[in-house]
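Asks: Following this line is start08.cif, made up of mmCIF, C-alpha atoms:
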```cif
data_input
#
loop_
_atom_site.group_PDB
_atom_site.id
_atom_site.type_symbol
_atom_site.label_atom_id
_atom_site.label_comp_id
_atom_site.auth_asym_id
_atom_site.auth_seq_id
_atom_site.Cartn_x
_atom_site.Cartn_y
_atom_site.Cartn_z
ATOM 1 C CA MET A 9 85.293 214.800 67.477
ATOM 2 C CA THR A 10 83.473 214.672 64.164
ATOM 3 C CA THR A 11 79.790 213.926 64.228
ATOM 4 C CA THR A 12 79.230 211.562 61.364
ATOM 5 C CA ASN A 13 75.983 209.710 61.071
ATOM 6 C CA ASP A 14 75.640 208.448 57.520
ATOM 7 C CA THR A 15 76.603 204.968 56.481
ATOM 8 C CA ASP A 16 79.276 205.845 53.946
ATOM 9 C CA ARG A 17 82.004 207.020 56.281
ATOM 10 C CA GLY A 18 84.883 206.419 53.897
ATOM 11 C CA ILE A 19 86.371 209.145 51.752
ATOM 12 C CA ASP A 20 88.327 208.958 48.518
ATOM 13 C CA PRO A 21 91.982 209.153 49.662
ATOM 14 C CA ARG A 22 92.789 211.353 46.657
ATOM 15 C CA SER A 23 90.398 214.049 47.856
ATOM 16 C CA PRO A 24 92.520 215.296 50.792
ATOM 17 C CA ARG A 25 95.613 215.305 48.551
ATOM 18 C CA PHE A 26 93.749 217.393 45.994
ATOM 19 C CA GLY A 27 92.764 219.797 48.766
ATOM 20 C CA ALA A 28 96.342 219.880 50.081
ATOM 21 C CA ALA A 29 97.555 220.858 46.611
ATOM 22 C CA ILE A 30 95.196 223.867 46.523
ATOM 23 C CA THR A 31 96.174 224.759 50.104
ATOM 24 C CA SER A 32 99.861 224.563 49.116
ATOM 25 C CA VAL A 33 99.351 227.071 46.310
ATOM 26 C CA LEU A 34 97.432 229.463 48.580
ATOM 27 C CA LEU A 35 100.089 229.197 51.304
ATOM 28 C CA ALA A 36 102.861 229.772 48.752
ATOM 29 C CA VAL A 37 101.138 232.966 47.592
ATOM 30 C CA THR A 38 100.663 233.985 51.249
ATOM 31 C CA ILE A 39 104.390 233.663 51.925
ATOM 32 C CA VAL A 40 105.311 235.894 48.986
ATOM 33 C CA LEU A 41 102.604 238.492 49.703
ATOM 34 C CA THR A 42 103.386 238.792 53.436
ATOM 35 C CA LEU A 43 107.120 239.138 52.766
ATOM 36 C CA ILE A 44 106.597 242.191 50.545
ATOM 37 C CA PRO A 45 105.573 245.285 52.576
ATOM 38 C CA GLY A 46 103.294 246.642 49.851
ATOM 39 C CA THR A 47 101.188 243.487 49.677
ATOM 40 C CA TRP A 48 101.354 242.498 53.357
ATOM 41 C CA LEU A 49 97.688 243.241 54.028
ATOM 42 C CA ALA A 50 96.531 241.234 51.009
ATOM 43 C CA GLY A 51 98.634 238.335 52.300
ATOM 44 C CA ILE A 52 97.065 238.609 55.760
ATOM 45 C CA VAL A 53 93.571 238.542 54.220
ATOM 46 C CA LEU A 54 94.528 235.428 52.250
ATOM 47 C CA LEU A 55 95.950 233.822 55.408
ATOM 48 C CA ALA A 56 92.652 234.567 57.179
ATOM 49 C CA VAL A 57 90.780 232.834 54.344
ATOM 50 C CA ILE A 58 93.072 229.800 54.741
ATOM 51 C CA VAL A 59 92.417 229.781 58.498
ATOM 52 C CA VAL A 60 88.656 229.738 57.838
ATOM 53 C CA LEU A 61 89.029 226.870 55.341
ATOM 54 C CA PHE A 62 91.124 224.856 57.827
ATOM 55 C CA ALA A 63 88.476 225.579 60.476
ATOM 56 C CA VAL A 64 85.748 224.148 58.262
ATOM 57 C CA GLY A 65 87.739 220.974 57.600
ATOM 58 C CA GLY A 66 89.025 220.619 61.155
ATOM 59 C CA ILE A 67 85.816 221.362 63.022
ATOM 60 C CA ALA A 68 82.989 220.316 60.681
ATOM 61 C CA GLY A 69 85.040 217.391 59.383
ATOM 62 C CA ILE A 70 86.996 216.757 56.211
ATOM 63 C CA ARG A 71 83.906 215.649 54.298
ATOM 64 C CA ARG A 72 82.306 219.067 54.697
ATOM 65 C CA HIS A 73 85.361 220.823 53.292
ATOM 66 C CA PRO A 74 84.636 222.876 50.165
ATOM 67 C CA TYR A 75 87.680 221.346 48.400
ATOM 68 C CA GLY A 76 86.083 217.946 48.939
ATOM 69 C CA ALA A 77 82.933 219.150 47.204
ATOM 70 C CA LEU A 78 85.060 220.564 44.394
ATOM 71 C CA PHE A 79 86.891 217.233 44.118
ATOM 72 C CA ARG A 80 83.648 215.267 43.909
ATOM 73 C CA ARG A 81 82.179 217.601 41.301
ATOM 74 C CA VAL A 82 85.173 218.306 39.077
ATOM 75 C CA VAL A 83 87.988 215.810 39.655
ATOM 76 C CA ARG A 84 86.465 212.486 40.683
ATOM 77 C CA PRO A 85 84.278 212.058 37.570
ATOM 78 C CA ARG A 86 87.476 212.118 35.496
ATOM 79 C CA LEU A 87 89.232 209.472 37.584
ATOM 80 C CA ALA A 88 88.803 205.754 38.015
ATOM 81 C CA PRO A 89 86.983 204.759 41.211
ATOM 82 C CA PRO A 90 89.302 204.716 44.224
ATOM 83 C CA ALA A 91 90.983 201.395 45.036
ATOM 84 C CA GLU A 92 89.758 201.752 48.584
ATOM 85 C CA LEU A 93 88.180 204.333 50.851
ATOM 86 C CA GLU A 94 89.878 205.847 53.869
ATOM 87 C CA ALA A 95 88.639 206.926 57.271
ATOM 88 C CA PRO A 96 87.868 210.647 57.596
ATOM 89 C CA GLU A 97 89.712 211.027 60.929
ATOM 90 C CA PRO A 98 93.308 211.286 59.613
ATOM 91 C CA PRO A 99 92.710 214.152 57.140
ATOM 92 C CA THR A 100 90.424 215.869 59.645
ATOM 93 C CA PHE A 101 93.286 215.768 62.148
ATOM 94 C CA ALA A 102 95.598 217.225 59.501
ATOM 95 C CA GLN A 103 93.110 220.067 59.019
ATOM 96 C CA GLN A 104 93.146 220.738 62.769
ATOM 97 C CA VAL A 105 96.941 220.888 62.722
ATOM 98 C CA GLY A 106 96.759 223.329 59.809
ATOM 99 C CA LEU A 107 94.158 225.374 61.648
ATOM 100 C CA PHE A 108 96.340 225.600 64.756
ATOM 101 C CA VAL A 109 99.494 226.632 62.882
ATOM 102 C CA THR A 110 97.848 229.208 60.608
ATOM 103 C CA ALA A 111 95.587 230.650 63.324
ATOM 104 C CA VAL A 112 98.561 231.198 65.660
ATOM 105 C CA ALA A 113 100.504 232.781 62.793
ATOM 106 C CA LEU A 114 97.596 235.067 61.926
ATOM 107 C CA LEU A 115 97.132 236.107 65.553
ATOM 108 C CA LEU A 116 100.831 236.857 66.051
ATOM 109 C CA ALA A 117 100.957 238.762 62.768
ATOM 110 C CA LEU A 118 97.998 240.907 63.797
ATOM 111 C CA LEU A 119 99.730 241.541 67.138
ATOM 112 C CA GLY A 120 102.660 242.919 65.200
ATOM 113 C CA VAL A 121 105.151 240.068 65.498
ATOM 114 C CA PRO A 122 107.467 240.456 62.484
ATOM 115 C CA TYR A 123 107.516 237.591 59.966
ATOM 116 C CA ALA A 124 104.920 235.607 61.960
ATOM 117 C CA ALA A 125 102.694 235.246 58.881
ATOM 118 C CA PRO A 126 105.329 234.010 56.385
ATOM 119 C CA ILE A 127 106.941 231.680 58.964
ATOM 120 C CA GLY A 128 103.599 230.149 59.969
ATOM 121 C CA ALA A 129 102.583 229.846 56.332
ATOM 122 C CA ALA A 130 105.923 228.175 55.551
ATOM 123 C CA VAL A 131 105.437 225.574 58.306
ATOM 124 C CA ALA A 132 101.934 224.816 57.031
ATOM 125 C CA LEU A 133 103.200 224.781 53.438
ATOM 126 C CA VAL A 134 105.823 222.122 54.200
ATOM 127 C CA ALA A 135 103.126 219.889 55.690
ATOM 128 C CA ALA A 136 100.591 220.510 52.924
ATOM 129 C CA PHE A 137 103.254 220.065 50.225
ATOM 130 C CA LEU A 138 104.444 216.758 51.730
ATOM 131 C CA ASN A 139 100.825 215.630 51.866
ATOM 132 C CA ALA A 140 100.018 216.650 48.296
ATOM 133 C CA VAL A 141 103.220 215.636 46.504
ATOM 134 C CA PHE A 142 104.630 212.763 48.577
ATOM 135 C CA ASP A 143 101.377 211.458 50.063
ATOM 136 C CA VAL A 144 102.864 211.899 53.528
ATOM 137 C CA CYS A 145 100.234 211.313 56.201
ATOM 138 C CA ILE A 146 100.511 214.095 58.776
ATOM 139 C CA GLY A 147 98.324 212.204 61.234
ATOM 140 C CA CYS A 148 100.742 209.265 61.075
ATOM 141 C CA LEU A 149 103.650 211.426 62.222
ATOM 142 C CA LEU A 150 102.504 214.387 64.275
ATOM 143 C CA TYR A 151 99.933 212.542 66.371
ATOM 144 C CA VAL A 152 102.598 210.187 67.736
ATOM 145 C CA TRP A 153 104.933 213.093 68.445
ATOM 146 C CA LEU A 154 102.166 214.830 70.379
ATOM 147 C CA VAL A 155 101.444 211.606 72.280
ATOM 148 C CA ARG A 156 105.125 211.338 73.198
ATOM 149 C CA ALA A 157 105.236 214.985 74.196
ATOM 150 C CA GLY A 158 102.404 214.235 76.616
ATOM 151 C CA VAL A 159 99.902 216.511 74.868
ATOM 152 C CA PHE A 160 97.239 213.815 74.780
ATOM 153 C CA ARG A 161 95.972 212.022 77.830
ATOM 154 C CA PRO A 162 95.164 208.328 77.422
ATOM 155 C CA ARG A 163 91.870 208.042 75.677
ATOM 156 C CA ARG A 164 89.781 205.654 73.658
ATOM 157 C CA GLY A 165 90.350 205.461 69.942
ATOM 158 C CA VAL A 166 87.875 207.217 67.697
ATOM 159 C CA ALA A 167 85.122 204.669 67.200
ATOM 160 C CA MET K 6 111.696 242.825 50.921
ATOM 161 C CA THR K 7 111.736 242.702 47.159
ATOM 162 C CA VAL K 8 109.677 240.360 45.035
ATOM 163 C CA ILE K 9 112.792 238.461 43.986
ATOM 164 C CA VAL K 10 113.851 237.788 47.561
ATOM 165 C CA ALA K 11 110.300 236.781 48.572
ATOM 166 C CA VAL K 12 110.098 234.292 45.721
ATOM 167 C CA ALA K 13 113.581 233.011 46.574
ATOM 168 C CA VAL K 14 112.418 232.349 50.144
ATOM 169 C CA LEU K 15 109.437 230.434 48.788
ATOM 170 C CA VAL K 16 111.665 228.348 46.510
ATOM 171 C CA GLY K 17 113.875 227.595 49.503
ATOM 172 C CA VAL K 18 110.913 226.394 51.554
ATOM 173 C CA LEU K 19 109.734 224.170 48.699
ATOM 174 C CA ALA K 20 113.244 222.779 48.222
ATOM 175 C CA LEU K 21 113.401 221.916 51.906
ATOM 176 C CA ALA K 22 110.001 220.214 51.758
ATOM 177 C CA THR K 23 111.056 218.241 48.681
ATOM 178 C CA LEU K 24 114.242 217.085 50.396
ATOM 179 C CA LEU K 25 112.227 216.040 53.441
ATOM 180 C CA GLY K 26 109.738 214.191 51.239
ATOM 181 C CA LEU K 27 112.448 212.281 49.373
ATOM 182 C CA LEU K 28 114.080 211.340 52.665
ATOM 183 C CA LEU K 29 110.781 210.098 54.132
ATOM 184 C CA ARG K 30 109.987 208.147 50.976
ATOM 185 C CA ALA K 31 113.402 206.477 50.989
ATOM 186 C CA LYS K 32 113.157 205.381 54.613
ATOM 187 C CA THR K 33 109.527 204.431 55.084
ATOM 188 C CA GLY K 34 108.658 200.770 55.534
ATOM 189 C CA ARG K 35 112.231 199.480 55.516
ATOM 190 C CA ALA K 36 113.231 196.568 57.696
ATOM 191 C CA ARG K 37 115.596 197.467 60.511
ATOM 192 C CA THR K 38 117.124 194.695 62.560
ATOM 193 C CA THR K 39 116.959 195.496 66.239
ATOM 194 C CA THR K 40 119.722 194.551 68.598
ATOM 195 C CA ALA K 41 118.775 196.697 71.574
ATOM 196 C CA PRO K 42 118.393 194.542 74.670
ATOM 197 C CA GLY K 43 116.432 195.430 77.783
ATOM 198 C CA ASP K 44 112.984 196.884 78.124
ATOM 199 C CA ALA K 45 112.499 197.766 74.478
ATOM 200 C CA GLY K 46 113.614 194.271 73.473
ATOM 201 C CA THR K 47 110.580 192.364 74.687
ATOM 202 C CA VAL K 48 106.874 192.832 74.132
ATOM 203 C CA ALA K 49 105.739 190.004 76.419
ATOM 204 C CA ASP K 50 103.969 192.376 78.818
ATOM 205 C CA LEU K 51 101.876 194.099 76.125
ATOM 206 C CA ALA K 52 99.204 191.424 75.867
ATOM 207 C CA PRO K 53 98.182 188.076 77.360
ATOM 208 C CA PRO K 54 100.287 185.129 76.111
ATOM 209 C CA THR K 55 97.434 183.857 73.952
ATOM 210 C CA ALA K 56 97.532 187.034 71.863
ATOM 211 C CA PHE K 57 100.966 186.098 70.557
ATOM 212 C CA GLY K 58 101.799 183.692 67.778
ATOM 213 C CA THR K 59 103.653 180.540 68.737
ATOM 214 C CA ARG K 60 106.390 181.195 66.164
ATOM 215 C CA ALA K 61 106.234 184.914 65.466
ATOM 216 C CA THR K 62 104.018 187.956 66.076
ATOM 217 C CA LEU K 63 103.567 191.124 64.061
ATOM 218 C CA VAL K 64 102.973 193.910 66.585
ATOM 219 C CA GLN K 65 101.408 196.915 64.904
ATOM 220 C CA PHE K 66 101.322 200.299 66.632
ATOM 221 C CA SER K 67 98.453 202.414 65.325
ATOM 222 C CA THR K 68 96.698 205.692 66.071
ATOM 223 C CA PRO K 69 93.167 206.886 65.242
ATOM 224 C CA THR K 70 94.606 209.539 62.903
ATOM 225 C CA CYS K 71 96.700 207.099 60.874
ATOM 226 C CA ALA K 72 95.550 206.814 57.272
ATOM 227 C CA ARG K 73 97.889 203.925 56.454
ATOM 228 C CA CYS K 74 97.099 201.740 59.450
ATOM 229 C CA PRO K 75 93.994 199.918 58.109
ATOM 230 C CA ALA K 76 95.796 198.917 54.903
ATOM 231 C CA THR K 77 98.822 197.779 56.921
ATOM 232 C CA ALA K 78 96.520 195.731 59.153
ATOM 233 C CA ARG K 79 95.138 193.963 56.080
ATOM 234 C CA HIS K 80 98.636 193.338 54.731
ATOM 235 C CA LEU K 81 99.889 191.916 58.016
ATOM 236 C CA ASN K 82 96.767 189.792 58.445
ATOM 237 C CA SER K 83 97.264 188.240 55.039
ATOM 238 C CA VAL K 84 100.926 187.539 55.850
ATOM 239 C CA ALA K 85 99.946 186.007 59.184
ATOM 240 C CA ALA K 86 97.269 183.879 57.516
ATOM 241 C CA ARG K 87 99.869 182.367 55.177
ATOM 242 C CA HIS K 88 102.088 181.166 58.040
ATOM 243 C CA ASP K 89 101.197 178.821 60.877
ATOM 244 C CA GLY K 90 101.904 180.183 64.327
ATOM 245 C CA VAL K 91 102.091 183.807 63.155
ATOM 246 C CA THR K 92 99.585 186.369 64.388
ATOM 247 C CA ARG K 93 99.110 190.116 64.245
ATOM 248 C CA LEU K 94 98.684 192.179 67.391
ATOM 249 C CA GLU K 95 97.489 195.774 67.072
ATOM 250 C CA ILE K 96 98.104 198.357 69.766
ATOM 251 C CA ASP K 97 96.449 201.781 69.727
ATOM 252 C CA LEU K 98 98.955 204.325 70.998
ATOM 253 C CA ALA K 99 96.108 206.684 71.881
ATOM 254 C CA GLU K 100 95.148 204.141 74.538
ATOM 255 C CA HIS K 101 98.724 203.337 75.548
ATOM 256 C CA PRO K 102 100.716 206.558 75.110
ATOM 257 C CA GLY K 103 103.580 205.306 77.279
ATOM 258 C CA LEU K 104 104.474 202.674 74.712
ATOM 259 C CA ALA K 105 105.314 205.296 72.078
ATOM 260 C CA GLY K 106 108.274 206.460 74.134
ATOM 261 C CA ARG K 107 109.289 202.999 75.306
ATOM 262 C CA PHE K 108 109.496 201.614 71.780
ATOM 263 C CA ASN K 109 110.679 204.908 70.298
ATOM 264 C CA VAL K 110 107.758 205.077 67.876
ATOM 265 C CA LEU K 111 108.040 208.129 65.613
ATOM 266 C CA GLN K 112 105.253 207.339 63.201
ATOM 267 C CA THR K 113 102.308 205.024 62.691
ATOM 268 C CA PRO K 114 102.065 202.361 61.601
ATOM 269 C CA THR K 115 105.235 201.071 63.236
ATOM 270 C CA VAL K 116 105.518 197.299 63.082
ATOM 271 C CA LEU K 117 107.648 195.106 65.323
ATOM 272 C CA LEU K 118 108.456 191.597 64.164
ATOM 273 C CA VAL K 119 108.643 189.506 67.301
ATOM 274 C CA ASP K 120 109.956 185.951 67.576
ATOM 275 C CA ALA K 121 108.590 183.016 69.593
ATOM 276 C CA SER K 122 110.255 184.297 72.790
ATOM 277 C CA ARG K 123 108.518 187.668 72.247
ATOM 278 C CA THR K 124 111.792 189.402 71.579
ATOM 279 C CA VAL K 125 111.758 192.180 68.987
ATOM 280 C CA ARG K 126 113.837 191.098 65.988
ATOM 281 C CA THR K 127 112.985 193.595 63.267
ATOM 282 C CA ARG K 128 111.130 196.892 63.152
ATOM 283 C CA PHE K 129 109.479 198.812 60.345
ATOM 284 C CA GLY K 130 108.711 202.529 60.500
ATOM 285 C CA GLY K 131 105.750 203.046 58.196
ATOM 286 C CA PRO K 132 103.863 200.384 56.232
ATOM 287 C CA PRO K 133 106.326 197.463 55.870
ATOM 288 C CA ARG K 134 107.568 196.871 52.330
ATOM 289 C CA PRO K 135 106.191 193.421 51.444
ATOM 290 C CA PRO K 136 109.497 191.842 50.239
ATOM 291 C CA GLU K 137 111.403 193.127 53.261
ATOM 292 C CA LEU K 138 108.736 191.887 55.650
ATOM 293 C CA ALA K 139 108.659 188.479 53.950
ATOM 294 C CA ALA K 140 112.444 188.183 54.178
ATOM 295 C CA ALA K 141 112.558 189.253 57.824
ATOM 296 C CA LEU K 142 109.754 186.875 58.745
ATOM 297 C CA ALA K 143 111.439 183.997 56.913
ATOM 298 C CA THR K 144 114.619 184.672 58.882
ATOM 299 C CA VAL K 145 112.769 184.579 62.203
ATOM 300 C CA LEU K 146 110.769 181.469 61.289
ATOM 301 C CA THR K 147 113.755 179.478 60.025
ATOM 302 C CA ALA K 148 115.854 180.561 63.011
ATOM 303 C CA GLY K 149 113.048 179.413 65.272
ATOM 304 C CA THR K 150 112.987 175.948 63.742
ATOM 305 C CA ALA K 151 116.749 175.556 63.301
ATOM 306 C CA GLY K 152 117.931 176.756 66.685
ATOM 307 C CA THR K 153 116.692 175.754 70.106
ATOM 308 C CA THR K 154 117.306 179.109 71.751
ATOM 309 C CA GLY K 155 115.531 181.136 69.123
ATOM 310 C CA THR K 156 118.685 183.130 68.477
ATOM 311 C CA ALA K 157 120.271 180.866 65.906
ATOM 312 C CA ASP K 158 123.176 182.372 64.024
ATOM 313 C CA THR K 159 122.896 183.360 60.403
ATOM 314 C CA THR K 160 124.821 180.345 59.115
ATOM 315 C CA GLY K 161 122.167 178.098 60.601
ATOM 316 C CA THR K 162 119.539 180.186 58.903
ATOM 317 C CA GLN K 163 121.224 179.848 55.543
ATOM 318 C CA GLU K 164 121.663 176.094 55.865
ATOM 319 C CA SER K 165 118.058 175.459 56.701
ATOM 320 C CA ARG K 166 116.996 177.333 53.587
#
```
Translate this file's structure into structure tokens.
Replies:
Amino acid sequence: MTTTNDTDRGIDPRSPRFGAAITSVLLAVTIVLTLIPGTWLAGIVLLAVIVVLFAVGGIAGIRRHPYGALFRRVVRPRLAPPAELEAPEPPTFAQQVGLFVTAVALLLALLGVPYAAPIGAAVALVAAFLNAVFDVCIGCLLYVWLVRAGVFRPRRGVA
Amino acid sequence: MTVIVAVAVLVGVLALATLLGLLLRAKTGRARTTTAPGDAGTVADLAPPTAFGTRATLVQFSTPTCARCPATARHLNSVAARHDGVTRLEIDLAEHPGLAGRFNVLQTPTVLLVDASRTVRTRFGGPPRPPELAAALATVLTAGTAGTTGTADTTGTQESR
């Protein structure tokens, strides 16, 4: 899924949470803007930006995400070294989930479905908020639900 | 929709997420004694007999997208290393999707504490809380030594401790 070739595959587990916090704020603003008729278009533009950011993290991989770069440059120097590094696959999966939810919401909103944008943003906000504030691992929950729903065929684990 | 209403909706969404988060935090990693008999009660068919511990086995269900699973694996390995006849067995649900439904797995890691007869005794949804895992394992190990059937009653467990 992700093409990683360097030796240091691990990421600082605080980096995705930092990113989720920024995403939460952007999604919160999106909800408010798309609920008010006068600012609907601004909200849609913001939602499109969020979709692009999720696409970067979900397709290029979490370690190419701009929030990750921001974390490394601004936040990490102020923190103690991480206790341990984590695999990039779980947060990358979370980005893909975010991409799916927000992209569908954006598409439906552009097709004229009422409240598609705020509802989609709210679903994504709950996930991002749980990730940022409660350190809930989306990949630990949703992946199993999708397996049980039969979405995934049996396959080898990500090596 | 007015600004006030829009902000109120946002507050409602955040309140819901907070409630959900508190609920998840309260429940994750707790020991739950299993009593369900039948298919979900045994794990003997999941791996060859040699993969199981002679006294107890910690069966860990994992997925490739599970951030907590490697740390849980280390925790369980260290617990297993401290007890003779206890091993850890990891199963990737991406390779065995049918098991998620059979064992009603809702999150990873999910850990099943299995006794010598490969019957599920306790389950943990999320990374097991160390004291609760230690207590559950002690119960299974003492029951295994005290009783002959492996299902010794709790009084027997208390006496042997």
Asks: Have a look at atom CA of Ala49 of chain K and atom CA of Ala72 of chain K and let me know their distance in Å, one decimal.
Replies: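 So the two atoms, atom CA of Ala49 of chain K and atom CA of Ala72 of chain K, lie 27.4 Å apart.
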Asks: Translate the PyMOL selection byres ((chain K and resi 74-84) around 7), as applied to the file shown, into an explicit residue set as a PyMOL selection string.
Replies: chain K and resi 67+71-73+85-88+93+113-114+132
Asks: Please, what distance in Å, to one decimal, runs between atom CA of Thr38 of chain A and atom CA of Ala129 of chain A?
Replies: 6.8 Å
Asks: Kindly provide, as AutoDock Vina command-line options, the centre and edge lengths (Å, one decimal) of an axis-aligned box around all atoms of segment 100-104 of chain K given in the file, with 5 Å on each side.
Replies:
```
--center_x 99.8 --center_y 204.6 --center_z 75.9 --size_x 19.3 --size_y 13.9 --size_z 12.7
```
Asks: Return as a PyMOL selection string the set of residues that the PyMOL selection byres ((chain A) within 9 of (chain K)) yields on the displayed structure.
Replies: chain A and resi 21+36-37+39-45+94-102+130-131+133-135+137-138+141-153+155-156+158+160-167
Asks: Within 10 Å of segment 69-76 of chain A, counting all atoms listed in the file, which residues show up once you throw out same-chain ones fewer than 6 positions away? Write them as JSON, numbers by chain, please.
Replies: {"A": [9, 10, 11, 12, 17, 18, 19, 20, 22, 23, 24, 25, 26, 27, 28, 30, 31, 61, 62, 63, 82, 83, 84, 96, 97, 98, 99, 100, 101, 102, 103, 104]}
Asks: Which residues match the PyMOL selection byres ((chain K and resi 52-56) around 12) in the file above, as a PyMOL selection string?
Replies: chain K and resi 47-51+57-59+61-64+90-96+101+121-123
Asks: Could you check how far atom CA of Thr127 of chain K sits from atom CA of Thr40 of chain K, in Å to one decimal?
Replies: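 These atoms are spaced 8.6 Å apart.
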Asks: Within 12 Å of (89.8, 230.3, 55.2) (coordinates as in the file), grab all the protein and nucleic acid residues, counting only C-alpha atoms, and write them out as a PyMOL selection string.
Replies: chain A and resi 31+34-35+52-66+73-75+103+106-107+110-111+114
Asks: For each of K:Arg128, K:Val145, K:Asp120, K:Gly17, take the minimum atom-to-atom distance to Thr33 of chain K, counting only C-alpha atoms, then give the residue where this is smallest.
Replies: K:Arg128
Asks: With N, CA and C atoms as the target, complete segment 51-65 of chain K and hand it back as a PDB file, in the coordinates of the input.
Replies:
```
ATOM      1  N   LEU K  51     102.857 193.254  76.819  1.00  0.00           N
ATOM      2  CA  LEU K  51     101.876 194.099  76.125  1.00  0.00           C
ATOM      3  C   LEU K  51     100.507 193.449  76.019  1.00  0.00           C
ATOM      4  N   ALA K  52     100.465 192.121  76.071  1.00  0.00           N
ATOM      5  CA  ALA K  52      99.204 191.424  75.867  1.00  0.00           C
ATOM      6  C   ALA K  52      99.297 190.065  76.536  1.00  0.00           C
ATOM      7  N   PRO K  53      98.151 189.433  76.795  1.00  0.00           N
ATOM      8  CA  PRO K  53      98.182 188.076  77.360  1.00  0.00           C
ATOM      9  C   PRO K  53      98.880 187.117  76.392  1.00  0.00           C
ATOM     10  N   PRO K  54      99.506 186.061  76.937  1.00  0.00           N
ATOM     11  CA  PRO K  54     100.287 185.129  76.111  1.00  0.00           C
ATOM     12  C   PRO K  54      99.519 184.592  74.900  1.00  0.00           C
ATOM     13  N   THR K  55      98.208 184.436  75.049  1.00  0.00           N
ATOM     14  CA  THR K  55      97.434 183.857  73.952  1.00  0.00           C
ATOM     15  C   THR K  55      97.331 184.794  72.757  1.00  0.00           C
ATOM     16  N   ALA K  56      97.622 186.075  72.960  1.00  0.00           N
ATOM     17  CA  ALA K  56      97.532 187.034  71.863  1.00  0.00           C
ATOM     18  C   ALA K  56      98.726 186.929  70.921  1.00  0.00           C
ATOM     19  N   PHE K  57      99.765 186.208  71.375  1.00  0.00           N
ATOM     20  CA  PHE K  57     100.966 186.098  70.557  1.00  0.00           C
ATOM     21  C   PHE K  57     100.966 184.810  69.738  1.00  0.00           C
ATOM     22  N   GLY K  58     101.627 184.881  68.588  1.00  0.00           N
ATOM     23  CA  GLY K  58     101.799 183.692  67.778  1.00  0.00           C
ATOM     24  C   GLY K  58     102.827 182.782  68.412  1.00  0.00           C
ATOM     25  N   THR K  59     102.712 181.477  68.123  1.00  0.00           N
ATOM     26  CA  THR K  59     103.653 180.540  68.737  1.00  0.00           C
ATOM     27  C   THR K  59     105.034 180.636  68.101  1.00  0.00           C
ATOM     28  N   ARG K  60     105.086 181.106  66.839  1.00  0.00           N
ATOM     29  CA  ARG K  60     106.390 181.195  66.164  1.00  0.00           C
ATOM     30  C   ARG K  60     106.833 182.636  65.937  1.00  0.00           C
ATOM     31  N   ALA K  61     105.888 183.502  65.675  1.00  0.00           N
ATOM     32  CA  ALA K  61     106.234 184.914  65.466  1.00  0.00           C
ATOM     33  C   ALA K  61     104.968 185.753  65.605  1.00  0.00           C
ATOM     34  N   THR K  62     105.152 187.035  65.945  1.00  0.00           N
ATOM     35  CA  THR K  62     104.018 187.956  66.076  1.00  0.00           C
ATOM     36  C   THR K  62     104.379 189.275  65.394  1.00  0.00           C
ATOM     37  N   LEU K  63     103.397 189.819  64.682  1.00  0.00           N
ATOM     38  CA  LEU K  63     103.567 191.124  64.061  1.00  0.00           C
ATOM     39  C   LEU K  63     102.831 192.145  64.926  1.00  0.00           C
ATOM     40  N   VAL K  64     103.575 192.920  65.688  1.00  0.00           N
ATOM     41  CA  VAL K  64     102.973 193.910  66.585  1.00  0.00           C
ATOM     42  C   VAL K  64     102.869 195.236  65.826  1.00  0.00           C
ATOM     43  N   GLN K  65     101.633 195.674  65.652  1.00  0.00           N
ATOM     44  CA  GLN K  65     101.408 196.915  64.904  1.00  0.00           C
ATOM     45  C   GLN K  65     100.961 198.030  65.842  1.00  0.00           C
TER      46      GLN K  65
END
```
